[in-house]
file query-v3.cif (mmCIF, C-alpha atoms and all ligand atoms)
data_work
loop_
_atom_site.label_atom_id
_atom_site.label_comp_id
_atom_site.auth_asym_id
_atom_site.auth_seq_id
_atom_site.Cartn_x
_atom_site.Cartn_y
_atom_site.Cartn_z
CA MET X 1 0.00 0.00 0.00
CA LYS X 2 1.73 3.18 -1.14
CA ILE X 3 0.79 6.19 0.95
CA THR X 4 2.10 9.68 0.21
CA VAL X 5 2.24 12.61 2.61
CA ILE X 6 2.24 15.97 0.83
CA SER X 7 3.76 18.64 3.07
CA GLY X 8 2.35 21.96 1.94
CA THR X 9 4.59 24.41 3.70
CA PRO X 10 6.95 26.50 1.58
CA ARG X 11 9.02 27.22 4.72
CA LYS X 12 12.03 25.11 5.54
CA GLN X 13 11.96 26.29 9.16
CA GLY X 14 8.53 25.36 10.21
CA ARG X 15 6.35 23.06 12.22
CA THR X 16 4.49 21.68 9.22
CA ARG X 17 7.59 19.90 7.95
CA GLN X 18 8.17 18.46 11.38
CA ALA X 19 4.60 17.18 11.63
CA ALA X 20 4.67 15.84 8.06
CA ALA X 21 7.89 13.93 8.68
CA GLU X 22 6.42 12.33 11.82
CA VAL X 23 3.21 11.35 10.05
CA ALA X 24 5.18 9.90 7.11
CA GLU X 25 7.33 7.88 9.46
CA LYS X 26 4.34 6.51 11.37
CA LEU X 27 2.61 5.47 8.13
CA GLN X 28 5.83 4.36 6.39
CA ALA X 29 4.74 6.73 3.66
CA ALA X 30 6.53 8.59 0.88
CA LEU X 31 6.96 12.30 1.54
CA ILE X 32 6.60 15.11 -0.97
CA ASP X 33 8.08 18.16 0.76
CA LEU X 34 7.21 21.31 -1.17
CA SER X 35 9.84 23.34 0.70
CA GLU X 36 12.61 20.97 -0.39
CA GLU X 37 11.38 20.48 -3.94
CA PRO X 38 9.56 23.68 -4.90
CA LEU X 39 7.30 23.52 -7.90
CA PRO X 40 7.02 26.23 -10.53
CA LEU X 41 3.86 28.30 -10.46
CA PHE X 42 1.37 26.30 -12.51
CA ASN X 43 0.78 27.93 -15.88
CA GLY X 44 -0.67 25.04 -17.87
CA THR X 45 2.14 24.90 -20.42
CA GLU X 46 3.68 21.72 -21.80
CA GLU X 47 7.23 22.72 -20.75
CA GLN X 48 6.32 22.42 -17.09
CA THR X 49 5.66 18.69 -17.45
CA ASN X 50 9.43 18.17 -17.84
CA HIS X 51 10.29 20.01 -14.61
CA PRO X 52 11.89 17.43 -12.27
CA ALA X 53 9.72 18.36 -9.28
CA VAL X 54 6.55 18.23 -11.40
CA GLU X 55 7.54 14.85 -12.86
CA LYS X 56 8.24 13.47 -9.41
CA LEU X 57 4.97 14.80 -7.96
CA ARG X 58 2.90 13.38 -10.81
CA LYS X 59 4.59 9.98 -10.77
CA THR X 60 4.36 9.67 -7.00
CA ALA X 61 0.71 10.73 -6.93
CA ALA X 62 -0.27 8.36 -9.74
CA GLU X 63 1.37 5.43 -7.94
CA SER X 64 -0.08 6.27 -4.53
CA GLU X 65 -3.14 4.57 -3.13
CA ALA X 66 -3.73 6.95 -0.21
CA PHE X 67 -2.66 10.44 0.82
CA VAL X 68 -2.17 12.77 3.74
CA TRP X 69 -2.33 16.46 2.90
CA ILE X 70 -0.78 18.62 5.56
CA THR X 71 -0.74 22.37 5.29
CA PRO X 72 0.08 25.37 7.42
CA GLU X 73 -2.92 27.64 7.86
CA TYR X 74 -2.09 30.92 6.16
CA HIS X 75 -4.62 33.75 6.21
CA ASN X 76 -7.47 31.38 7.03
CA GLY X 77 -6.70 28.95 4.24
CA MET X 78 -4.38 26.27 2.90
CA SER X 79 -0.95 27.35 1.69
CA GLY X 80 -0.59 28.65 -1.83
CA ALA X 81 2.21 26.10 -2.27
CA LEU X 82 -0.14 23.17 -1.65
CA LYS X 83 -2.92 24.54 -3.81
CA ASN X 84 -0.39 25.15 -6.59
CA ALA X 85 0.88 21.56 -6.28
CA LEU X 86 -2.65 20.24 -6.62
CA GLU X 87 -3.12 22.19 -9.88
CA PHE X 88 -0.53 19.87 -11.43
CA LEU X 89 -2.69 16.85 -10.53
CA ASP X 90 -6.21 15.78 -11.39
CA SER X 91 -8.99 13.43 -10.39
CA SER X 92 -7.21 10.43 -11.94
CA ASP X 93 -4.57 10.83 -9.20
CA PHE X 94 -7.07 10.96 -6.34
CA LYS X 95 -10.31 9.26 -7.33
CA GLY X 96 -11.37 6.79 -4.65
CA LYS X 97 -8.10 7.14 -2.72
CA PRO X 98 -8.43 7.65 1.06
CA THR X 99 -7.03 11.09 1.95
CA LEU X 100 -6.48 12.47 5.43
CA LEU X 101 -6.34 16.22 6.06
CA CYS X 102 -4.08 17.87 8.64
CA SER X 103 -3.24 21.47 9.33
CA VAL X 104 -0.68 23.31 11.41
CA CYS X 105 -1.80 26.61 12.87
CA GLY X 106 -0.55 29.53 14.89
CA GLY X 107 -3.01 28.91 17.73
CA GLY X 108 -6.03 30.98 18.65
CA LYS X 109 -8.40 28.31 17.29
CA GLY X 110 -6.84 28.41 13.81
CA GLY X 111 -6.40 25.42 11.52
CA MET X 112 -10.03 24.54 10.78
CA ASN X 113 -10.30 27.03 7.94
CA ALA X 114 -7.47 25.33 6.07
CA ILE X 115 -8.98 21.89 6.72
CA ASN X 116 -12.40 22.97 5.47
CA GLN X 117 -10.88 24.55 2.40
CA MET X 118 -8.96 21.34 1.64
CA ARG X 119 -12.21 19.37 1.94
CA THR X 120 -13.73 21.51 -0.79
CA VAL X 121 -10.64 21.20 -2.99
CA GLY X 122 -10.48 17.45 -2.36
CA ARG X 123 -14.07 17.07 -3.52
CA GLY X 124 -13.04 18.81 -6.74
CA LEU X 125 -10.34 16.16 -7.19
CA TYR X 126 -12.68 13.25 -6.32
CA ALA X 127 -10.40 12.31 -3.42
CA MET X 128 -11.97 10.06 -0.78
CA ILE X 129 -11.48 12.57 2.03
CA VAL X 130 -11.97 10.80 5.34
CA PRO X 131 -13.93 12.42 8.20
CA GLN X 132 -10.99 12.10 10.61
CA GLN X 133 -8.68 15.11 10.64
CA MET X 134 -5.94 16.65 12.75
CA VAL X 135 -5.09 20.24 13.63
CA PHE X 136 -1.69 20.84 15.23
CA ASP X 137 -1.44 23.85 17.56
CA PRO X 138 1.92 25.26 18.69
CA GLU X 139 1.32 23.58 22.07
CA ASP X 140 1.24 20.15 20.41
CA PHE X 141 4.99 20.31 19.75
CA GLU X 142 7.81 19.70 22.21
CA VAL X 143 10.37 22.51 22.30
CA ASP X 144 13.15 20.20 21.09
CA GLY X 145 11.08 18.40 18.44
CA GLY X 146 8.37 15.75 18.36
CA PHE X 147 4.84 15.93 19.70
CA ILE X 148 3.75 16.06 23.30
CA ARG X 149 2.44 12.73 24.57
CA GLU X 150 -1.29 13.62 24.34
CA THR X 151 -0.88 14.74 20.73
CA GLU X 152 1.10 11.62 19.87
CA GLU X 153 -1.74 9.48 21.24
CA ARG X 154 -4.40 11.47 19.42
CA LEU X 155 -2.44 11.24 16.17
CA ASP X 156 -1.97 7.48 16.57
CA GLN X 157 -5.73 7.12 17.03
CA VAL X 158 -6.48 9.25 13.95
CA LEU X 159 -3.97 7.30 11.85
CA ALA X 160 -5.38 3.97 13.03
CA GLU X 161 -8.87 5.09 12.02
CA PHE X 162 -7.54 6.42 8.70
CA GLN X 163 -6.00 3.03 7.96
CA GLN X 164 -9.38 1.35 8.42
CA PHE X 165 -10.37 2.90 5.11
CA PHE X 166 -7.66 0.92 3.33
CA LEU X 167 -9.13 -2.30 4.68
CA VAL X 168 -12.59 -1.28 3.46
CA LYS X 169 -11.17 -0.53 0.04
CA GLN X 170 -9.15 -3.76 -0.40
C1 LIG S 201 1.58 34.33 6.00
C2 LIG S 201 1.10 33.66 7.25
C3 LIG S 201 -0.24 33.65 7.55
C4 LIG S 201 -0.73 33.00 8.67
N1 LIG S 201 -2.06 32.96 8.91
C5 LIG S 201 -2.53 32.20 9.93
C6 LIG S 201 -3.92 32.02 10.12
O1 LIG S 201 -4.74 32.55 9.40
N2 LIG S 201 -4.34 31.23 11.13
C7 LIG S 201 -3.45 30.61 11.98
O2 LIG S 201 -3.86 29.87 12.89
N3 LIG S 201 -2.12 30.76 11.83
C8 LIG S 201 -1.65 31.55 10.83
N4 LIG S 201 -0.29 31.67 10.66
C9 LIG S 201 0.61 30.95 11.56
C10 LIG S 201 1.01 29.60 10.96
O3 LIG S 201 -0.09 28.79 10.67
C11 LIG S 201 1.94 28.87 11.91
O4 LIG S 201 3.10 29.64 12.07
C12 LIG S 201 2.30 27.50 11.41
O5 LIG S 201 3.27 26.95 12.26
C13 LIG S 201 2.82 27.61 10.02
O6 LIG S 201 3.45 26.44 9.62
P1 LIG S 201 4.91 26.54 9.06
O7 LIG S 201 5.73 26.89 10.28
O8 LIG S 201 5.21 25.20 8.54
O9 LIG S 201 4.94 27.59 8.00
C14 LIG S 201 0.19 32.35 9.54
C15 LIG S 201 1.57 32.38 9.24
C16 LIG S 201 2.02 33.03 8.12
C17 LIG S 201 3.51 33.01 7.80
#
call {"tool": "encode", "arguments": {"input": "query-v3.cif", "output": "structure tokens", "more": "lines below"}}
Ligand SMILES: Cc1cc2nc3c(=O)[nH]c(=O)nc-3n(C[C@H](O)[C@H](O)[C@H](O)COP(=O)(O)O)c2cc1C
result
Amino acid sequence: MKITVISGTPRKQGRTRQAAAEVAEKLQAALIDLSEEPLPLFNGTEEQTNHPAVEKLRKTAAESEAFVWITPEYHNGMSGALKNALEFLDSSDFKGKPTLLCSVCGGGKGGMNAINQMRTVGRGLYAMIVPQQMVFDPEDFEVDGGFIRETEERLDQVLAEFQQFFLVKQ
């Protein structure tokens, strides 16, 4: 079962990357890190299909059977980097594939806007967005890396429930 985590932060120094790496490790998933392999701004031209990061994204997505999208919440929405990445893909990459949504916020009850926006976008891509979801607040992270214990347990529960959808599908 090939699972791919798409980390939507454009920032190398950020909590989203940290959370994405942990989720990928727990799921033994591939990781597309948009801060490490930035994509060009989608313009719909043929030349972009030869861009190495675009080729890798498309190949990885086509081969994947499930996804986690994880984005920072920026100005009440998903990152532009993640939305741009999704423009390079289409419903053939996502149709019927279980997809879990996570967001990383700055606190103050943020994070849900980005999740809700991703739900709408996911519907446009025919992704099988699961009802489980995860918002990471600043307090969910340990100062020296990793999640606090309560968050780790909550994440493990969410990931276990997410994986039930693979069993249903097989
Ligand atoms: C441009 C920008 C806009 C932001 N807007 C929001 C917001 O609307 N809601 C929120 O909860 N946090 C907001 N934040 C805080 C980020 O969500 C928070 O710093 C999070 O850790 C970002 O993930 P990153 O560190 O991977 O970039 C914003 C941060 C930036 C840089």
call {"tool": "residues_near_ligand", "arguments": {"input": "query-v3.cif", "ligand": "ligand LIG 201 (chain S)", "cutoff": "9 Å", "atoms": "only C-alpha atoms and all ligand atoms", "output": "PyMOL selection string"}}
result
chain X and resi 7-19+71-77+79+103-114+136-138
call {"tool": "atom_distance", "arguments": {"input": "query-v3.cif", "atom1": "CA of Ile3 (chain X)", "atom2": "CA of Glu47 (chain X)"}}
result
28.0 Å
call {"tool": "closest_residue", "arguments": {"input": "query-v3.cif", "among": "X:Ile32, X:Glu63, X:Ala21, X:Gln48", "to": "Lys2 (chain X)", "atoms": "all atoms listed in the file"}}
result
X:Glu63
call {"tool": "atom_distance", "arguments": {"input": "query-v3.cif", "atom1": "CA of Arg58 (chain X)", "atom2": "CA of Phe88 (chain X)"}}
result
7.4 Å
call {"tool": "closest_residue", "arguments": {"input": "query-v3.cif", "among": "X:Phe166, X:Trp69, X:Tyr126, X:Phe42", "to": "Thr99 (chain X)", "atoms": "all atoms listed in the file"}}
result
X:Trp69
call {"tool": "decode", "arguments": {"input": "query-v3.cif", "residues": "region 101-122 of chain X", "atoms": "N, CA and C atoms", "output": "PDB file, in the first residue's frame"}}
result
ATOM      1  N   LEU X 101      -6.697  14.795   6.045  1.00  0.00           N
ATOM      2  CA  LEU X 101      -6.338  16.216   6.058  1.00  0.00           C
ATOM      3  C   LEU X 101      -5.799  16.628   7.423  1.00  0.00           C
ATOM      4  N   CYS X 102      -4.676  17.331   7.403  1.00  0.00           N
ATOM      5  CA  CYS X 102      -4.083  17.866   8.642  1.00  0.00           C
ATOM      6  C   CYS X 102      -3.678  19.309   8.390  1.00  0.00           C
ATOM      7  N   SER X 103      -3.736  20.107   9.455  1.00  0.00           N
ATOM      8  CA  SER X 103      -3.244  21.472   9.329  1.00  0.00           C
ATOM      9  C   SER X 103      -2.410  21.835  10.552  1.00  0.00           C
ATOM     10  N   VAL X 104      -1.550  22.820  10.345  1.00  0.00           N
ATOM     11  CA  VAL X 104      -0.681  23.313  11.413  1.00  0.00           C
ATOM     12  C   VAL X 104      -0.975  24.806  11.535  1.00  0.00           C
ATOM     13  N   CYS X 105      -1.338  25.231  12.742  1.00  0.00           N
ATOM     14  CA  CYS X 105      -1.804  26.609  12.871  1.00  0.00           C
ATOM     15  C   CYS X 105      -0.969  27.387  13.881  1.00  0.00           C
ATOM     16  N   GLY X 106      -1.285  28.659  13.961  1.00  0.00           N
ATOM     17  CA  GLY X 106      -0.549  29.526  14.886  1.00  0.00           C
ATOM     18  C   GLY X 106      -1.214  29.628  16.239  1.00  0.00           C
ATOM     19  N   GLY X 107      -2.267  28.864  16.463  1.00  0.00           N
ATOM     20  CA  GLY X 107      -3.006  28.910  17.726  1.00  0.00           C
ATOM     21  C   GLY X 107      -4.249  29.767  17.572  1.00  0.00           C
ATOM     22  N   GLY X 108      -4.836  30.118  18.691  1.00  0.00           N
ATOM     23  CA  GLY X 108      -6.033  30.975  18.653  1.00  0.00           C
ATOM     24  C   GLY X 108      -7.180  30.363  17.871  1.00  0.00           C
ATOM     25  N   LYS X 109      -7.311  29.033  17.963  1.00  0.00           N
ATOM     26  CA  LYS X 109      -8.400  28.307  17.288  1.00  0.00           C
ATOM     27  C   LYS X 109      -8.272  28.336  15.768  1.00  0.00           C
ATOM     28  N   GLY X 110      -7.060  28.501  15.251  1.00  0.00           N
ATOM     29  CA  GLY X 110      -6.843  28.408  13.809  1.00  0.00           C
ATOM     30  C   GLY X 110      -6.777  26.953  13.367  1.00  0.00           C
ATOM     31  N   GLY X 111      -6.619  26.763  12.079  1.00  0.00           N
ATOM     32  CA  GLY X 111      -6.405  25.422  11.525  1.00  0.00           C
ATOM     33  C   GLY X 111      -7.609  24.841  10.824  1.00  0.00           C
ATOM     34  N   MET X 112      -8.817  25.131  11.366  1.00  0.00           N
ATOM     35  CA  MET X 112     -10.031  24.537  10.780  1.00  0.00           C
ATOM     36  C   MET X 112     -10.367  25.131   9.411  1.00  0.00           C
ATOM     37  N   ASN X 113     -10.003  26.394   9.237  1.00  0.00           N
ATOM     38  CA  ASN X 113     -10.303  27.025   7.939  1.00  0.00           C
ATOM     39  C   ASN X 113      -9.557  26.314   6.815  1.00  0.00           C
ATOM     40  N   ALA X 114      -8.278  26.018   7.082  1.00  0.00           N
ATOM     41  CA  ALA X 114      -7.469  25.332   6.067  1.00  0.00           C
ATOM     42  C   ALA X 114      -8.023  23.933   5.798  1.00  0.00           C
ATOM     43  N   ILE X 115      -8.428  23.251   6.875  1.00  0.00           N
ATOM     44  CA  ILE X 115      -8.984  21.895   6.718  1.00  0.00           C
ATOM     45  C   ILE X 115     -10.256  21.951   5.873  1.00  0.00           C
ATOM     46  N   ASN X 116     -11.134  22.891   6.206  1.00  0.00           N
ATOM     47  CA  ASN X 116     -12.398  22.972   5.472  1.00  0.00           C
ATOM     48  C   ASN X 116     -12.167  23.327   4.012  1.00  0.00           C
ATOM     49  N   GLN X 117     -11.187  24.188   3.787  1.00  0.00           N
ATOM     50  CA  GLN X 117     -10.876  24.549   2.400  1.00  0.00           C
ATOM     51  C   GLN X 117     -10.348  23.330   1.638  1.00  0.00           C
ATOM     52  N   MET X 118      -9.482  22.544   2.290  1.00  0.00           N
ATOM     53  CA  MET X 118      -8.956  21.336   1.638  1.00  0.00           C
ATOM     54  C   MET X 118     -10.067  20.332   1.340  1.00  0.00           C
ATOM     55  N   ARG X 119     -11.083  20.280   2.206  1.00  0.00           N
ATOM     56  CA  ARG X 119     -12.213  19.374   1.938  1.00  0.00           C
ATOM     57  C   ARG X 119     -12.909  19.747   0.622  1.00  0.00           C
ATOM     58  N   THR X 120     -13.089  21.038   0.436  1.00  0.00           N
ATOM     59  CA  THR X 120     -13.730  21.507  -0.789  1.00  0.00           C
ATOM     60  C   THR X 120     -12.859  21.195  -2.007  1.00  0.00           C
ATOM     61  N   VAL X 121     -11.567  21.460  -1.885  1.00  0.00           N
ATOM     62  CA  VAL X 121     -10.640  21.199  -2.993  1.00  0.00           C
ATOM     63  C   VAL X 121     -10.575  19.693  -3.271  1.00  0.00           C
ATOM     64  N   GLY X 122     -10.538  18.906  -2.204  1.00  0.00           N
ATOM     65  CA  GLY X 122     -10.481  17.449  -2.360  1.00  0.00           C
ATOM     66  C   GLY X 122     -11.701  16.905  -3.082  1.00  0.00           C
TER      67      GLY X 122
END
